[in-house]
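Undergrad: Here you go, one structure.
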Amino acid sequence: MGTDAIEAGETPFDSYPSSFKVHHLMCTELRKFVDRILKIFPEIEAARPRCSLGIKALCSLNNALERAKLLLQYCNESSKLYLAITTDAIVSRCQKSKNFLEQGLCQIQSMVPVMLAVEISQIVDDLRAACFVPDKFEEEAGKVVRELLHQGATTSDSMELAEMSALQKAASRLHITSSKAILIEKRSIKKLMEKVADTDIQKKKILKYLLYLLRKYGHLIIGEQTDKTVDRNEGAFTVNNPSNVPDVTSHKEYKQHDVEADKLSGLIPPEEFKCPISLRLMYDPVVIASGQTYERFWIQKWFDDGNDTCPKSETKLAHLSLTPNTVMKDLISKWCAKYGITIQDPSLQSDVLQLLENSSTSVASFGSSIYDMRFPVDISNVSLGSLDTSYTSDGSRNKIGDGLSLKPERGSDDLRQYQNPRNASKMNLESLCRLPELDWESQYEMVEDMRNHLKRDELACMSLSSKNFIEPLIEFLSSALDMHNIRAQRAGFELLLTYVSQHRSGIRYLNEDAYSLLSSSLDSEVTKEVLDIIEVLSGNSGCWSKIAASGALVSILNILNSKITAFQERVIKILHNLSSSHDICSNLASFECIPKFVPFLEDASLARHCIVVLRNLCNNQEARASITQTPGCITSFAMLIETGTHEDQEHALAILLALCSQRVEYCQLVMDECDIFPALFDVSVNGSDKGKASAMELLRLLRDTNRDDDEQEHLQYDNVISEDANNYPKDKKSHKSLFGVKLSMFSRSSAQKKKK
């Protein structure tokens with residue numbers, strides 16, 4: 001029979017309700033989100049990182065789900081009349097639940113595999129588009145009862161007429177139109193009264209008044225309704241009558257994104273316009289090594305998860321660089337302009353701070369009027385919180401989630417600290433907006449406090465943006481650099497390092513000034529801190545071109561000449577990341593940096609990074625020539641093939657193959673500089689699959705080169721013999737000269753064979 005039938009039987013809920021007495025549309029919308037999140041929650045739980053940040057994010061999401069389920073249960077079991085007069089508060093609570101769910105998902109999104117992150121992103125997008133609008137008829141019912149309460153308590157005939165009229169209108173709109181429905185509503189009010197604390201006397205009086213109205217005029221409601229057709233009043237979409245059609249006008253604004261959704265649903269974008277990972281229109285299409293085009297945000301996340309294959313073809317990629325697909329972006333832009341569609345940047349996440357601000361929206365529209373009402377009972381001291389006390393299935397009185405209370409806890413230590421004017425430098429650690437307003441020493445203290453704050457609370461980074469953090473911090477660092485204040489520089493760069501390390505998606509906020517500042521600080525007393533920051537940035541392909549444009553490459557290479565091992569290690573790791581960019585490899589080759597890497601090939605801990613850099617550089621002709629001209633470089637490769645790990649062997653073989661496949665002279669150079677054949681034979685038998693294949697290919701190239709040399713020498717020898725036979729009788733002197741040539745060739749051939 002629907003909702004009422006469920007209530008009458010008082011069937012317990014296995015988890016949380018699927019039908020609601022009032023606010024059906026809002027609750028159904030919220031329930032859909034809860035269902036979608038619960039469906040993927042086991043995967044989220046299984047994929048969470050074993051770190052404090054991941055555990056906090058998971059707990060935050062779980063708490064948001066519990067709050068939403070409590071709200072849904074409250075709307076299922078509470079009184080229809082009471083839910084109607086507190087409509088604004090319920091709307092606010094739905095909005096808060098939505099915001100908490102969005103906040104929890106945003107926190108966890110960057111910590112799960114990319115395919116799961118895509119599902120989370122879709123839910124987040126839908127949450128952001130959702131808008132909770134109360135049903136027009138239910139809102140009218142609440143308004144009618146509130147107007148009745150405004151009139152005050154009198155015993156006149158006019159008051160009785162007003163009560164009767166108000167109750168009939170409200171009952172009609174809330175479908176309290178039968179003796180069974182009235183009985184259920186009375187029971188619901190009584191249950192609410194049982195759960196209200198004894199100290200909350202005012203709320204009990206309100207509920208008693210509603211119960212009084214039903215007892216006094218209930219029989220009149222039934223008699224009145226039997227003579228009326230209720231079709232025109234059935235705007236509430238309840239389960240009592242499944243054939244009900246909601247009033248279209250009352251729900252026009254229910255979802256503000258419906259127009260956009262209709263556009264997208266009515267149009268089918270070309271498949272090539274959609275990212276193969278997210279299956280959505282691409283905002284920033286890029287091409288990877290396999291030639292496939294993806295959305296930059298999603299393919300970068302795929303790479304950040306440690307994948308080095310193409311998600312679509314599953315082929316291993318030669319490099320992880322991303323090339324903007326400007327042609328595709330132009331085509332998508334024209335298609336979207338034609339149909340009036342706007343694509344959102346998937347990398348933009350809502351700041352947690354703004355979410356918290358939105359989630360704490362008060363129900364002022366209801367609160368400002370509730371205190372002015374002249375109820376038949378005195379409720380002048382009733383708090384907003386008491387009007388909205390939630391319900392739990394075990395019968396205990398509880399709030400609908402601790403974080404959803406309408407009033408801030410004024411006794412909070414943090415609140416007192418931030419409101420204390422003596423703690424000006426520590427005020428508002430959620431941003432650095434006030435940093436320029438403080439004196440220099442206070443600025444330094446605030447930067448230190450912020451760094452400690454971010455280290456303690458990893459989630460705090462998510463509330464920071466360019467305006468409230470990056471720009472003030474860069475201004476502080478610039479001033480410290482001008483003043484040659486090493487202490488302040490170190491504090492500022494350590495804060496920036498903490499930020500970029502904990503909030504990788506926030507790296508996009510770094511502007512050109514930030515990169516220039518890092519570049520100019522490489523050769524200073526804060527080199528260590530700056531290198532640490534650049535090492536983090538170099539792990540993000542979106543930063544490569546910005547690092548190169550800042551002029552930092554020259555300074556980075558110069559550090560290789562220093563005797564500070566810790567700095568050299570950082571530089572080699574940075575170049576390992578940056579060398580994945582073809583453009584940066586071209587720049588590095590022009591700086592003639594190859595000789596700088598040779599000494600590090602003998603260090604086992606650094607050789608694995610150096611060999612990758614040199615392999616990436618081998619794609620450049622100028623770098624290949626430099627490798628062959630650098631003393632000891634090819635010999636070092638041969639040593640790695642002989643003694644290195646399988647991965648080192650693969651990289652060294654790839655370099656030699658790149659050289660030998662280009663020019664025969666390089667093959668001869670390899671054979672001349674080192675006895676490489678035993679190592680190649682060993683790898684071809686005992687190496688990795690890739691190493692075996694590379695070793696066999698290199699052996700083939702070198703043998704072909706050796707065979708060609710032998711054939712050429714034999715041909716030259718035969719020519720000399722023939723010429724000698726013809727000239728011998730005529731000129732003994734000439735014969736003596738030719739004999740010297742033959743002897744020279746034989747000696748060279750014997751030396752080569754001996755070397756082999």
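In the structure tokens, each chain is lettered A, B, ... as it comes, each chain's residues begin at 1, and ligands are numbered from 1 in order of appearance.
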Can you pull out the residues contacting Ser78 (chain A)? Cut-off 8 Å, using only C-alpha atoms, and skip same-chain residues under 4 positions away; I want them as a list of chain:residue names.
TA: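 The residues that qualify are A:Lys21, A:Tyr74, A:Tyr82, A:Leu83, A:Ser188, A:Ile189, A:Leu192.
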Undergrad: Using only C-alpha atoms, which residues of region 518-628 of chain A come within 12 Å of region 495-498 of chain A, and what is the closest atom pair for each, with the distance in Å to one decimal? Give it as a tab-separated table, sorted by chain and residue number.
TA:
```
residue	atom	partner	partner_atom	distance
A:Leu518	CA	A:Leu496	CA	10.7
A:Lys528	CA	A:Leu497	CA	11.0
A:Glu529	CA	A:Leu497	CA	7.5
A:Val530	CA	A:Leu497	CA	8.3
A:Leu531	CA	A:Leu497	CA	9.8
A:Asp532	CA	A:Leu497	CA	7.1
A:Ile533	CA	A:Leu497	CA	5.3
A:Ile534	CA	A:Leu497	CA	9.0
A:Glu535	CA	A:Leu497	CA	9.9
A:Val536	CA	A:Leu497	CA	8.1
A:Leu537	CA	A:Leu497	CA	9.7
```
Undergrad: Set the distance at 8 Å and use only C-alpha atoms: which residues neighbour Ala162 (chain A) once local chain neighbours fewer than 4 positions away are removed? I'd like the list as a compact mmCIF listing (two decimals) with C-alpha atoms, in the first residue's frame.
TA:
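Contents of selection25.txt, freshly written:
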```txt
# COMPACT_ATOMS: atom_id res chain seq x y z
CA LEU A 148 -1.81 29.21 11.95
CA SER A 158 -12.60 32.53 14.33
CA ALA A 166 -5.48 25.16 8.00
```
Undergrad: Give the alpha helix (DSSP H) residues of region 280-342 of chain A, as DSSP finds them on the backbone, and put them as a PDB file with all heavy atoms, in the first residue's frame.
TA:
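Dumped everything to out-v6.pdb:
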```pdb
ATOM      1  N   ARG A 296      43.765  14.831 -20.795  1.00  0.00           N
ATOM      2  CA  ARG A 296      45.035  14.985 -20.085  1.00  0.00           C
ATOM      3  C   ARG A 296      44.915  14.550 -18.621  1.00  0.00           C
ATOM      4  O   ARG A 296      45.771  13.838 -18.091  1.00  0.00           O
ATOM      5  CB  ARG A 296      45.502  16.445 -20.145  1.00  0.00           C
ATOM      6  CG  ARG A 296      46.819  16.682 -19.386  1.00  0.00           C
ATOM      7  CD  ARG A 296      47.166  18.162 -19.358  1.00  0.00           C
ATOM      8  NE  ARG A 296      47.487  18.676 -20.660  1.00  0.00           N
ATOM      9  CZ  ARG A 296      48.695  18.602 -21.224  1.00  0.00           C
ATOM     10  NH1 ARG A 296      49.693  18.014 -20.557  1.00  0.00           N
ATOM     11  NH2 ARG A 296      48.915  19.106 -22.425  1.00  0.00           N
ATOM     12  N   PHE A 297      43.857  14.991 -17.951  1.00  0.00           N
ATOM     13  CA  PHE A 297      43.720  14.707 -16.525  1.00  0.00           C
ATOM     14  C   PHE A 297      43.710  13.210 -16.257  1.00  0.00           C
ATOM     15  O   PHE A 297      44.385  12.725 -15.356  1.00  0.00           O
ATOM     16  CB  PHE A 297      42.440  15.354 -15.991  1.00  0.00           C
ATOM     17  CG  PHE A 297      42.131  15.021 -14.559  1.00  0.00           C
ATOM     18  CD1 PHE A 297      42.764  15.681 -13.527  1.00  0.00           C
ATOM     19  CD2 PHE A 297      41.206  14.038 -14.247  1.00  0.00           C
ATOM     20  CE1 PHE A 297      42.491  15.368 -12.206  1.00  0.00           C
ATOM     21  CE2 PHE A 297      40.918  13.717 -12.931  1.00  0.00           C
ATOM     22  CZ  PHE A 297      41.570  14.386 -11.915  1.00  0.00           C
ATOM     23  N   TRP A 298      42.957  12.450 -17.077  1.00  0.00           N
ATOM     24  CA  TRP A 298      42.779  11.033 -16.786  1.00  0.00           C
ATOM     25  C   TRP A 298      43.993  10.208 -17.200  1.00  0.00           C
ATOM     26  O   TRP A 298      44.371   9.266 -16.500  1.00  0.00           O
ATOM     27  CB  TRP A 298      41.507  10.517 -17.464  1.00  0.00           C
ATOM     28  CG  TRP A 298      40.277  11.063 -16.837  1.00  0.00           C
ATOM     29  CD1 TRP A 298      39.355  11.891 -17.396  1.00  0.00           C
ATOM     30  CD2 TRP A 298      39.852  10.867 -15.485  1.00  0.00           C
ATOM     31  NE1 TRP A 298      38.377  12.213 -16.490  1.00  0.00           N
ATOM     32  CE2 TRP A 298      38.649  11.604 -15.307  1.00  0.00           C
ATOM     33  CE3 TRP A 298      40.359  10.149 -14.409  1.00  0.00           C
ATOM     34  CZ2 TRP A 298      37.973  11.627 -14.101  1.00  0.00           C
ATOM     35  CZ3 TRP A 298      39.675  10.173 -13.207  1.00  0.00           C
ATOM     36  CH2 TRP A 298      38.495  10.904 -13.074  1.00  0.00           C
ATOM     37  N   ILE A 299      44.621  10.525 -18.311  1.00  0.00           N
ATOM     38  CA  ILE A 299      45.796   9.753 -18.703  1.00  0.00           C
ATOM     39  C   ILE A 299      46.966  10.073 -17.785  1.00  0.00           C
ATOM     40  O   ILE A 299      47.800   9.203 -17.489  1.00  0.00           O
ATOM     41  CB  ILE A 299      46.165  10.012 -20.183  1.00  0.00           C
ATOM     42  CG1 ILE A 299      47.196   8.980 -20.655  1.00  0.00           C
ATOM     43  CG2 ILE A 299      46.679  11.429 -20.387  1.00  0.00           C
ATOM     44  CD1 ILE A 299      46.726   7.556 -20.603  1.00  0.00           C
ATOM     45  N   GLN A 300      47.029  11.317 -17.298  1.00  0.00           N
ATOM     46  CA  GLN A 300      48.093  11.649 -16.354  1.00  0.00           C
ATOM     47  C   GLN A 300      47.904  10.875 -15.058  1.00  0.00           C
ATOM     48  O   GLN A 300      48.869  10.383 -14.466  1.00  0.00           O
ATOM     49  CB  GLN A 300      48.113  13.157 -16.071  1.00  0.00           C
ATOM     50  CG  GLN A 300      49.255  13.595 -15.148  1.00  0.00           C
ATOM     51  CD  GLN A 300      50.615  13.266 -15.717  1.00  0.00           C
ATOM     52  OE1 GLN A 300      50.950  13.692 -16.819  1.00  0.00           O
ATOM     53  NE2 GLN A 300      51.413  12.503 -14.985  1.00  0.00           N
ATOM     54  N   LYS A 301      46.659  10.740 -14.619  1.00  0.00           N
ATOM     55  CA  LYS A 301      46.392   9.954 -13.413  1.00  0.00           C
ATOM     56  C   LYS A 301      46.732   8.490 -13.647  1.00  0.00           C
ATOM     57  O   LYS A 301      47.243   7.808 -12.761  1.00  0.00           O
ATOM     58  CB  LYS A 301      44.930  10.118 -12.987  1.00  0.00           C
ATOM     59  CG  LYS A 301      44.583   9.296 -11.746  1.00  0.00           C
ATOM     60  CD  LYS A 301      43.279   9.704 -11.142  1.00  0.00           C
ATOM     61  CE  LYS A 301      42.944   8.821  -9.948  1.00  0.00           C
ATOM     62  NZ  LYS A 301      43.999   8.821  -8.919  1.00  0.00           N
ATOM     63  N   TRP A 302      46.458   8.009 -14.851  1.00  0.00           N
ATOM     64  CA  TRP A 302      46.806   6.635 -15.206  1.00  0.00           C
ATOM     65  C   TRP A 302      48.321   6.424 -15.064  1.00  0.00           C
ATOM     66  O   TRP A 302      48.772   5.427 -14.506  1.00  0.00           O
ATOM     67  CB  TRP A 302      46.344   6.357 -16.633  1.00  0.00           C
ATOM     68  CG  TRP A 302      46.766   5.058 -17.230  1.00  0.00           C
ATOM     69  CD1 TRP A 302      47.836   4.840 -18.055  1.00  0.00           C
ATOM     70  CD2 TRP A 302      46.142   3.772 -17.080  1.00  0.00           C
ATOM     71  NE1 TRP A 302      47.922   3.522 -18.421  1.00  0.00           N
ATOM     72  CE2 TRP A 302      46.892   2.840 -17.838  1.00  0.00           C
ATOM     73  CE3 TRP A 302      45.028   3.323 -16.371  1.00  0.00           C
ATOM     74  CZ2 TRP A 302      46.552   1.498 -17.916  1.00  0.00           C
ATOM     75  CZ3 TRP A 302      44.690   1.978 -16.440  1.00  0.00           C
ATOM     76  CH2 TRP A 302      45.439   1.082 -17.199  1.00  0.00           C
ATOM     77  N   PHE A 303      49.093   7.381 -15.548  1.00  0.00           N
ATOM     78  CA  PHE A 303      50.551   7.287 -15.431  1.00  0.00           C
ATOM     79  C   PHE A 303      50.997   7.447 -13.978  1.00  0.00           C
ATOM     80  O   PHE A 303      51.919   6.770 -13.521  1.00  0.00           O
ATOM     81  CB  PHE A 303      51.232   8.345 -16.299  1.00  0.00           C
ATOM     82  CG  PHE A 303      51.085   8.113 -17.777  1.00  0.00           C
ATOM     83  CD1 PHE A 303      51.123   9.172 -18.677  1.00  0.00           C
ATOM     84  CD2 PHE A 303      50.894   6.828 -18.274  1.00  0.00           C
ATOM     85  CE1 PHE A 303      50.986   8.955 -20.033  1.00  0.00           C
ATOM     86  CE2 PHE A 303      50.745   6.610 -19.638  1.00  0.00           C
ATOM     87  CZ  PHE A 303      50.791   7.675 -20.527  1.00  0.00           C
ATOM     88  N   ASP A 304      50.346   8.352 -13.264  1.00  0.00           N
ATOM     89  CA  ASP A 304      50.707   8.575 -11.863  1.00  0.00           C
ATOM     90  C   ASP A 304      50.476   7.336 -11.010  1.00  0.00           C
ATOM     91  O   ASP A 304      51.113   7.156  -9.972  1.00  0.00           O
ATOM     92  CB  ASP A 304      49.917   9.760 -11.286  1.00  0.00           C
ATOM     93  CG  ASP A 304      50.343  11.093 -11.899  1.00  0.00           C
ATOM     94  OD1 ASP A 304      51.425  11.133 -12.512  1.00  0.00           O
ATOM     95  OD2 ASP A 304      49.598  12.074 -11.764  1.00  0.00           O
ATOM     96  N   THR A 326      45.963  19.632 -30.639  1.00  0.00           N
ATOM     97  CA  THR A 326      45.283  20.902 -30.910  1.00  0.00           C
ATOM     98  C   THR A 326      44.199  20.758 -31.967  1.00  0.00           C
ATOM     99  O   THR A 326      43.178  21.453 -31.919  1.00  0.00           O
ATOM    100  CB  THR A 326      46.307  21.958 -31.351  1.00  0.00           C
ATOM    101  OG1 THR A 326      47.066  21.445 -32.462  1.00  0.00           O
ATOM    102  CG2 THR A 326      47.281  22.276 -30.223  1.00  0.00           C
ATOM    103  N   VAL A 327      44.421  19.884 -32.925  1.00  0.00           N
ATOM    104  CA  VAL A 327      43.414  19.687 -33.977  1.00  0.00           C
ATOM    105  C   VAL A 327      42.135  19.117 -33.371  1.00  0.00           C
ATOM    106  O   VAL A 327      41.026  19.594 -33.655  1.00  0.00           O
ATOM    107  CB  VAL A 327      43.957  18.754 -35.066  1.00  0.00           C
ATOM    108  CG1 VAL A 327      42.870  18.452 -36.097  1.00  0.00           C
ATOM    109  CG2 VAL A 327      45.170  19.376 -35.743  1.00  0.00           C
ATOM    110  N   MET A 328      42.286  18.097 -32.529  1.00  0.00           N
ATOM    111  CA  MET A 328      41.119  17.492 -31.887  1.00  0.00           C
ATOM    112  C   MET A 328      40.417  18.494 -30.982  1.00  0.00           C
ATOM    113  O   MET A 328      39.178  18.559 -30.957  1.00  0.00           O
ATOM    114  CB  MET A 328      41.550  16.261 -31.084  1.00  0.00           C
ATOM    115  CG  MET A 328      40.411  15.560 -30.354  1.00  0.00           C
ATOM    116  SD  MET A 328      39.205  14.857 -31.482  1.00  0.00           S
ATOM    117  CE  MET A 328      40.164  13.483 -32.145  1.00  0.00           C
ATOM    118  N   LYS A 329      41.192  19.264 -30.235  1.00  0.00           N
ATOM    119  CA  LYS A 329      40.579  20.245 -29.336  1.00  0.00           C
ATOM    120  C   LYS A 329      39.774  21.275 -30.122  1.00  0.00           C
ATOM    121  O   LYS A 329      38.685  21.692 -29.700  1.00  0.00           O
ATOM    122  CB  LYS A 329      41.651  20.937 -28.501  1.00  0.00           C
ATOM    123  CG  LYS A 329      41.078  21.878 -27.456  1.00  0.00           C
ATOM    124  CD  LYS A 329      42.134  22.308 -26.454  1.00  0.00           C
ATOM    125  CE  LYS A 329      41.504  23.144 -25.335  1.00  0.00           C
ATOM    126  NZ  LYS A 329      42.469  23.499 -24.283  1.00  0.00           N
ATOM    127  N   ASP A 330      40.300  21.677 -31.274  1.00  0.00           N
ATOM    128  CA  ASP A 330      39.581  22.650 -32.103  1.00  0.00           C
ATOM    129  C   ASP A 330      38.281  22.058 -32.630  1.00  0.00           C
ATOM    130  O   ASP A 330      37.235  22.718 -32.641  1.00  0.00           O
ATOM    131  CB  ASP A 330      40.487  23.091 -33.257  1.00  0.00           C
ATOM    132  CG  ASP A 330      39.843  24.174 -34.103  1.00  0.00           C
ATOM    133  OD1 ASP A 330      39.474  25.221 -33.541  1.00  0.00           O
ATOM    134  OD2 ASP A 330      39.708  23.970 -35.331  1.00  0.00           O
ATOM    135  N   LEU A 331      38.322  20.791 -33.042  1.00  0.00           N
ATOM    136  CA  LEU A 331      37.111  20.135 -33.546  1.00  0.00           C
ATOM    137  C   LEU A 331      36.052  20.007 -32.447  1.00  0.00           C
ATOM    138  O   LEU A 331      34.862  20.255 -32.676  1.00  0.00           O
ATOM    139  CB  LEU A 331      37.460  18.755 -34.096  1.00  0.00           C
ATOM    140  CG  LEU A 331      38.293  18.718 -35.386  1.00  0.00           C
ATOM    141  CD1 LEU A 331      38.696  17.291 -35.703  1.00  0.00           C
ATOM    142  CD2 LEU A 331      37.520  19.329 -36.540  1.00  0.00           C
ATOM    143  N   ILE A 332      36.502  19.629 -31.253  1.00  0.00           N
ATOM    144  CA  ILE A 332      35.564  19.492 -30.133  1.00  0.00           C
ATOM    145  C   ILE A 332      34.966  20.850 -29.768  1.00  0.00           C
ATOM    146  O   ILE A 332      33.765  20.966 -29.502  1.00  0.00           O
ATOM    147  CB  ILE A 332      36.276  18.870 -28.918  1.00  0.00           C
ATOM    148  CG1 ILE A 332      36.698  17.429 -29.236  1.00  0.00           C
ATOM    149  CG2 ILE A 332      35.362  18.876 -27.683  1.00  0.00           C
ATOM    150  CD1 ILE A 332      37.531  16.777 -28.146  1.00  0.00           C
ATOM    151  N   SER A 333      35.798  21.890 -29.769  1.00  0.00           N
ATOM    152  CA  SER A 333      35.320  23.233 -29.426  1.00  0.00           C
ATOM    153  C   SER A 333      34.263  23.702 -30.418  1.00  0.00           C
ATOM    154  O   SER A 333      33.242  24.292 -30.031  1.00  0.00           O
ATOM    155  CB  SER A 333      36.488  24.214 -29.408  1.00  0.00           C
ATOM    156  OG  SER A 333      37.436  23.856 -28.428  1.00  0.00           O
ATOM    157  N   LYS A 334      34.481  23.441 -31.685  1.00  0.00           N
ATOM    158  CA  LYS A 334      33.505  23.849 -32.707  1.00  0.00           C
ATOM    159  C   LYS A 334      32.202  23.075 -32.545  1.00  0.00           C
ATOM    160  O   LYS A 334      31.108  23.636 -32.685  1.00  0.00           O
ATOM    161  CB  LYS A 334      34.089  23.622 -34.102  1.00  0.00           C
ATOM    162  CG  LYS A 334      35.217  24.581 -34.458  1.00  0.00           C
ATOM    163  CD  LYS A 334      35.767  24.291 -35.839  1.00  0.00           C
ATOM    164  CE  LYS A 334      36.874  25.278 -36.197  1.00  0.00           C
ATOM    165  NZ  LYS A 334      37.471  24.994 -37.527  1.00  0.00           N
ATOM    166  N   TRP A 335      32.313  21.772 -32.257  1.00  0.00           N
ATOM    167  CA  TRP A 335      31.106  20.960 -32.074  1.00  0.00           C
ATOM    168  C   TRP A 335      30.313  21.442 -30.866  1.00  0.00           C
ATOM    169  O   TRP A 335      29.085  21.535 -30.908  1.00  0.00           O
ATOM    170  CB  TRP A 335      31.520  19.494 -31.901  1.00  0.00           C
ATOM    171  CG  TRP A 335      30.359  18.537 -31.871  1.00  0.00           C
ATOM    172  CD1 TRP A 335      29.733  17.961 -32.924  1.00  0.00           C
ATOM    173  CD2 TRP A 335      29.697  18.059 -30.699  1.00  0.00           C
ATOM    174  NE1 TRP A 335      28.720  17.144 -32.489  1.00  0.00           N
ATOM    175  CE2 TRP A 335      28.669  17.185 -31.131  1.00  0.00           C
ATOM    176  CE3 TRP A 335      29.868  18.271 -29.339  1.00  0.00           C
ATOM    177  CZ2 TRP A 335      27.829  16.535 -30.245  1.00  0.00           C
ATOM    178  CZ3 TRP A 335      29.026  17.624 -28.453  1.00  0.00           C
ATOM    179  CH2 TRP A 335      28.024  16.765 -28.903  1.00  0.00           C
ATOM    180  N   CYS A 336      31.020  21.744 -29.768  1.00  0.00           N
ATOM    181  CA  CYS A 336      30.344  22.220 -28.563  1.00  0.00           C
ATOM    182  C   CYS A 336      29.711  23.585 -28.791  1.00  0.00           C
ATOM    183  O   CYS A 336      28.613  23.869 -28.305  1.00  0.00           O
ATOM    184  CB  CYS A 336      31.333  22.292 -27.397  1.00  0.00           C
ATOM    185  SG  CYS A 336      31.885  20.681 -26.810  1.00  0.00           S
ATOM    186  N   ALA A 337      30.400  24.462 -29.527  1.00  0.00           N
ATOM    187  CA  ALA A 337      29.853  25.794 -29.814  1.00  0.00           C
ATOM    188  C   ALA A 337      28.597  25.685 -30.668  1.00  0.00           C
ATOM    189  O   ALA A 337      27.634  26.441 -30.490  1.00  0.00           O
ATOM    190  CB  ALA A 337      30.908  26.638 -30.520  1.00  0.00           C
ATOM    191  N   LYS A 338      28.586  24.721 -31.564  1.00  0.00           N
ATOM    192  CA  LYS A 338      27.432  24.538 -32.445  1.00  0.00           C
ATOM    193  C   LYS A 338      26.187  24.154 -31.664  1.00  0.00           C
ATOM    194  O   LYS A 338      25.078  24.629 -31.945  1.00  0.00           O
ATOM    195  CB  LYS A 338      27.758  23.466 -33.484  1.00  0.00           C
ATOM    196  CG  LYS A 338      26.608  23.171 -34.445  1.00  0.00           C
ATOM    197  CD  LYS A 338      27.012  22.112 -35.460  1.00  0.00           C
ATOM    198  CE  LYS A 338      25.859  21.799 -36.408  1.00  0.00           C
ATOM    199  NZ  LYS A 338      26.246  20.760 -37.389  1.00  0.00           N
ATOM    200  N   TYR A 339      26.370  23.297 -30.640  1.00  0.00           N
ATOM    201  CA  TYR A 339      25.222  22.814 -29.881  1.00  0.00           C
ATOM    202  C   TYR A 339      25.080  23.469 -28.510  1.00  0.00           C
ATOM    203  O   TYR A 339      24.257  23.047 -27.700  1.00  0.00           O
ATOM    204  CB  TYR A 339      25.318  21.292 -29.715  1.00  0.00           C
ATOM    205  CG  TYR A 339      25.218  20.556 -31.027  1.00  0.00           C
ATOM    206  CD1 TYR A 339      26.351  20.005 -31.620  1.00  0.00           C
ATOM    207  CD2 TYR A 339      24.003  20.424 -31.687  1.00  0.00           C
ATOM    208  CE1 TYR A 339      26.273  19.331 -32.838  1.00  0.00           C
ATOM    209  CE2 TYR A 339      23.912  19.761 -32.894  1.00  0.00           C
ATOM    210  CZ  TYR A 339      25.051  19.219 -33.467  1.00  0.00           C
ATOM    211  OH  TYR A 339      24.964  18.560 -34.666  1.00  0.00           O
TER     212      TYR A 339
END
```
Undergrad: Neighbouring residues of His651 (chain A) were defined as those with any atom within 12 Å, considering only C-alpha atoms; residues of the same chain fewer than 3 positions away were excluded. Please report them as an mmCIF file with C-alpha atoms, in the first residue's frame.
TA:
```
data_model
loop_
_atom_site.group_PDB
_atom_site.id
_atom_site.type_symbol
_atom_site.label_atom_id
_atom_site.label_comp_id
_atom_site.auth_asym_id
_atom_site.auth_seq_id
_atom_site.Cartn_x
_atom_site.Cartn_y
_atom_site.Cartn_z
ATOM 1 C CA ALA A 318 58.249 4.025 -25.141
ATOM 2 C CA ALA A 607 73.672 4.375 -12.823
ATOM 3 C CA ARG A 608 70.042 3.226 -13.096
ATOM 4 C CA HIS A 609 68.904 6.840 -13.413
ATOM 5 C CA CYS A 610 71.783 7.987 -15.643
ATOM 6 C CA ILE A 611 71.305 5.160 -18.123
ATOM 7 C CA VAL A 612 67.635 6.112 -18.519
ATOM 8 C CA VAL A 613 68.572 9.738 -19.201
ATOM 9 C CA LEU A 614 71.146 8.669 -21.809
ATOM 10 C CA ARG A 615 68.684 6.288 -23.433
ATOM 11 C CA ASN A 616 66.109 9.067 -23.751
ATOM 12 C CA LEU A 617 68.778 11.382 -25.152
ATOM 13 C CA CYS A 618 69.651 8.779 -27.824
ATOM 14 C CA PHE A 637 77.648 0.755 -21.355
ATOM 15 C CA ALA A 638 79.521 -2.498 -21.910
ATOM 16 C CA LEU A 640 76.527 -2.317 -17.389
ATOM 17 C CA ILE A 641 75.643 -5.027 -19.893
ATOM 18 C CA GLY A 644 74.172 -4.471 -14.305
ATOM 19 C CA THR A 645 70.620 -5.469 -13.464
ATOM 20 C CA HIS A 646 68.283 -6.710 -16.164
ATOM 21 C CA GLU A 647 66.753 -3.253 -16.407
ATOM 22 C CA ASP A 648 70.181 -1.600 -16.729
ATOM 23 C CA ALA A 654 68.892 -0.013 -26.360
ATOM 24 C CA ILE A 655 71.483 2.773 -26.522
ATOM 25 C CA LEU A 656 74.016 0.646 -28.432
ATOM 26 C CA LEU A 657 71.295 -0.570 -30.792
ATOM 27 C CA ALA A 658 70.288 3.043 -31.446
ATOM 28 C CA SER A 688 65.356 -10.839 -19.535
ATOM 29 C CA LYS A 690 63.653 -7.962 -23.773
ATOM 30 C CA GLY A 691 67.369 -8.123 -23.020
ATOM 31 C CA SER A 694 68.203 -6.796 -27.893
ATOM 32 C CA ALA A 695 71.437 -8.736 -27.376
#
```
Undergrad: With only C-alpha atoms as the counted atoms, please give the residues lying no more than 9 Å from Cys433 (chain A), apart from itself and same-chain residues fewer than 2 positions off, as a ChimeraX atom specification.
TA: /A:428,431,435-437,467-469,471-472
Undergrad: For CA of Glu147 (chain A) and CA of Thr28 (chain A), determine how far apart the two atoms are, in Å to one decimal place.
TA: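 So the answer is 28.4 Å.
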Undergrad: Determine the nearest neighbour of Ala623 (chain A) from the options A:Ile507, A:Cys585, A:Ala548, A:Ala129, counting only C-alpha atoms.
TA: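 Nearest candidate to Ala623 (chain A) out of A:Ile507, A:Cys585, A:Ala548, A:Ala129: A:Cys585.
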Undergrad: Would you mind listing what lies within 12 Å of Ser516 (chain A) as a ChimeraX atom specification, with only C-alpha atoms counted and same-chain residues fewer than 5 positions away left out?
TA: /A:474,477-478,510-511,521-522,530,534,546-553
